[in-house]
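S.K.: The structure follows.
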Amino acid sequence: MTFKAYIHQIIKVESSNTDIISYIGFFLLVVGLVFYWIYKNVFHVVDGYAVLFFISFIGMLTIFAAHIYQYYDFEKIKNFQNGVLELGKEELIINYDEKIRYEDLTDFELSIDAYFDESINRSSRGPIEKRSLGIRNTLSVTHQSNTRKFNFKIENSSHLKVLERNLYQLVVSGKLKNIDAKKSIKLVPECYKTYEEYRAYIGKQLKANKISCTEGLLLIGYKNYEEAQELKRKYCS
């Protein structure tokens with residue numbers, strides 16, 4: 001299946017609703033505590049703190065609400081859709097009218113951030129948006145000394161799998177032949193690195209001296225010393 005995706009122009013990354021809610025909560029909490037300290041230690045007021053405690057309490061509730069809301073909140077990015085890209089069998093197709101053959105590319109770099117509605121920022125302890133718009137994925141290609149970079153949207157996990165399959169086929173079929181072997185190998189998704197076809201492709205790169213013996217054997221993978229020596233005799237001699 002051919003991979004197709006909408007190109008998005010990112011204008012500005014803004015603070016998410018979760019950020020705004022948590023900032024407001026923190027502000028209310030600090031205001032209540034600071035004025036309580038001032039009234040007690042500077043003005044020596046002995047009572048009438050109920051309003052300040054209420055403000056701080058509202059601040060804590062707001063921060064708690066931000067922690068819950070973050071799991072429903074999408075990242076906020078100003079953007080607009082301005083094209084389509086397609087990974088065809090023999091060429092990269094942009095907006096259905098511009099076609100660039102893979103063999104004419106001198107660089108091909110892909111960065112996969114997340115698909116739409118995928119969980120993000122999972123390691124963050126503070127409240128922060130947890131859902132992706134799926135448009136921070138980037139493809140950078142160089143053709144005739146001209147480098148272009150595209151942000152594109154991955155719609156869901158199935159769409160991502162189609163992309164991964166297309167990347168794998170591009171690499172092992174040798175269509176990215178003018179791109180550094182190490183770079184092209186890095187494009188292969190992890191889930192395909194146990195395939196015999198992938199191992200055979202690495203073997204071809206070894207025999208062509210496009211990667212070092214040590215790197216190649218590590219990429220192919222081996223279970224023990226004897227298997228490593230056998231692979232070394234096969235591909236590095």
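Ligands are numbered from 1 in the order shown, residues from 1 within each chain, and chains are lettered A, B, ... in the order they appear in the structure tokens.
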Quick one: DSSP strand (DSSP E or B) residues in range 142-237 of chain A, as a tab-separated table (two decimals) with N, CA and C atoms, in the first residue's frame?
M.R.:
```
chain	number	residue	atom	x	y	z
A	142	THR	N	17.07	16.01	-0.19
A	142	THR	CA	17.97	16.85	-0.98
A	142	THR	C	17.99	16.33	-2.41
A	143	HIS	N	17.70	17.24	-3.33
A	143	HIS	CA	17.65	16.89	-4.76
A	143	HIS	C	18.31	18.03	-5.55
A	146	ASN	N	19.44	20.96	-3.60
A	146	ASN	CA	18.38	21.75	-2.97
A	146	ASN	C	17.70	20.91	-1.89
A	147	THR	N	17.78	21.38	-0.65
A	147	THR	CA	17.19	20.65	0.48
A	147	THR	C	15.84	21.24	0.83
A	148	ARG	N	14.86	20.37	0.97
A	148	ARG	CA	13.50	20.80	1.34
A	148	ARG	C	13.01	19.97	2.51
A	149	LYS	N	12.26	20.62	3.38
A	149	LYS	CA	11.75	19.95	4.57
A	149	LYS	C	10.24	20.10	4.65
A	150	PHE	N	9.57	18.99	4.95
A	150	PHE	CA	8.12	18.98	5.01
A	150	PHE	C	7.66	18.44	6.37
A	151	ASN	N	6.65	19.10	6.94
A	151	ASN	CA	5.93	18.53	8.07
A	151	ASN	C	4.71	17.81	7.52
A	152	PHE	N	4.50	16.58	7.95
A	152	PHE	CA	3.35	15.84	7.43
A	152	PHE	C	2.60	15.15	8.56
```
S.K.: Neighbours of range 219-233 of chain A within 12 Å (only C-alpha atoms; same-chain residues fewer than 6 positions away dropped), as a list of chain:residue names?
M.R.: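 Using only C-alpha atoms, the neighbours found are A:Lys182, A:Ile185, A:Lys186, A:Val188, A:Glu190, A:Tyr192, A:Lys193, A:Thr194, A:Tyr195, A:Glu196, A:Glu197, A:Tyr198, A:Arg199, A:Ala200, A:Tyr201, A:Ile202, A:Gly203, A:Lys204, A:Gln205, A:Leu206, A:Lys207, A:Ile211, A:Ser212, A:Cys213.
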S.K.: Just the helix (DSSP H, G or I) stuff from range 42-146 of chain A, please, per backbone DSSP, written as a ChimeraX atom specification.
M.R.: /A:50-72,102-104
S.K.: Write a file of the selected residues as a PDB file, in the first residue's frame, keeping C-alpha atoms.
M.R.:
```pdb
ATOM      1  CA  ALA A  50     -10.308  33.085  55.017  1.00  0.00           C
ATOM      2  CA  VAL A  51     -10.301  34.809  51.606  1.00  0.00           C
ATOM      3  CA  LEU A  52      -6.577  34.165  51.123  1.00  0.00           C
ATOM      4  CA  PHE A  53      -6.949  30.516  52.095  1.00  0.00           C
ATOM      5  CA  PHE A  54      -9.870  30.261  49.676  1.00  0.00           C
ATOM      6  CA  ILE A  55      -7.764  31.733  46.852  1.00  0.00           C
ATOM      7  CA  SER A  56      -4.964  29.244  47.553  1.00  0.00           C
ATOM      8  CA  PHE A  57      -7.483  26.402  47.728  1.00  0.00           C
ATOM      9  CA  ILE A  58      -8.941  27.397  44.355  1.00  0.00           C
ATOM     10  CA  GLY A  59      -5.378  27.450  42.992  1.00  0.00           C
ATOM     11  CA  MET A  60      -4.745  23.902  44.217  1.00  0.00           C
ATOM     12  CA  LEU A  61      -8.041  22.721  42.746  1.00  0.00           C
ATOM     13  CA  THR A  62      -7.138  24.343  39.421  1.00  0.00           C
ATOM     14  CA  ILE A  63      -3.733  22.603  39.347  1.00  0.00           C
ATOM     15  CA  PHE A  64      -5.447  19.298  40.163  1.00  0.00           C
ATOM     16  CA  ALA A  65      -7.932  19.925  37.345  1.00  0.00           C
ATOM     17  CA  ALA A  66      -5.010  20.542  34.968  1.00  0.00           C
ATOM     18  CA  HIS A  67      -3.537  17.147  35.903  1.00  0.00           C
ATOM     19  CA  ILE A  68      -6.808  15.478  34.880  1.00  0.00           C
ATOM     20  CA  TYR A  69      -7.503  17.608  31.822  1.00  0.00           C
ATOM     21  CA  GLN A  70      -4.027  16.978  30.356  1.00  0.00           C
ATOM     22  CA  TYR A  71      -5.101  13.488  29.252  1.00  0.00           C
ATOM     23  CA  TYR A  72      -7.821  14.993  27.063  1.00  0.00           C
ATOM     24  CA  TYR A 102      14.520   8.143  -5.386  1.00  0.00           C
ATOM     25  CA  GLU A 103      17.727   7.425  -7.265  1.00  0.00           C
ATOM     26  CA  ASP A 104      18.172  11.177  -7.798  1.00  0.00           C
TER      27      ASP A 104
END
```
S.K.: Using only C-alpha atoms, determine which residues lie at most 12 Å from Glu155 in chain A, disregarding the query and same-chain residues fewer than 4 positions distant; provide the list as a list in words.
M.R.: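 What passes the distance filter is Phe3, Lys4, Ala5, Tyr6, Ile7, Ala114, Tyr115, Phe116, Asp117, Glu118, Ser132, Leu133, Gly134, Ile135, Arg136, Asn137, His159, Leu160, Lys161, Val162 and Leu163 of chain A.
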S.K.: Measuring between only C-alpha atoms, which one of A:Arg101, A:Lys153, A:Lys76, A:Lys183 shows the shortest distance to Asp19 in chain A?
M.R.: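 Among the listed residues, the smallest separation from Asp19 in chain A belongs to A:Lys76.
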S.K.: May I ask for the distance between CA of Leu110 in chain A and CA of Leu218 in chain A, given in Å to one decimal place?
M.R.: 22.6 Å
S.K.: One decimal, in Å: what's the spacing between CA of Ile11 in chain A and CA of Ser145 in chain A?
M.R.: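 Rounded to one decimal, the two atoms are 25.8 Å apart.
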S.K.: In Å, rounded to a single decimal, give me how far CA of Leu33 in chain A is from CA of Arg125 in chain A.
M.R.: 23.2 Å
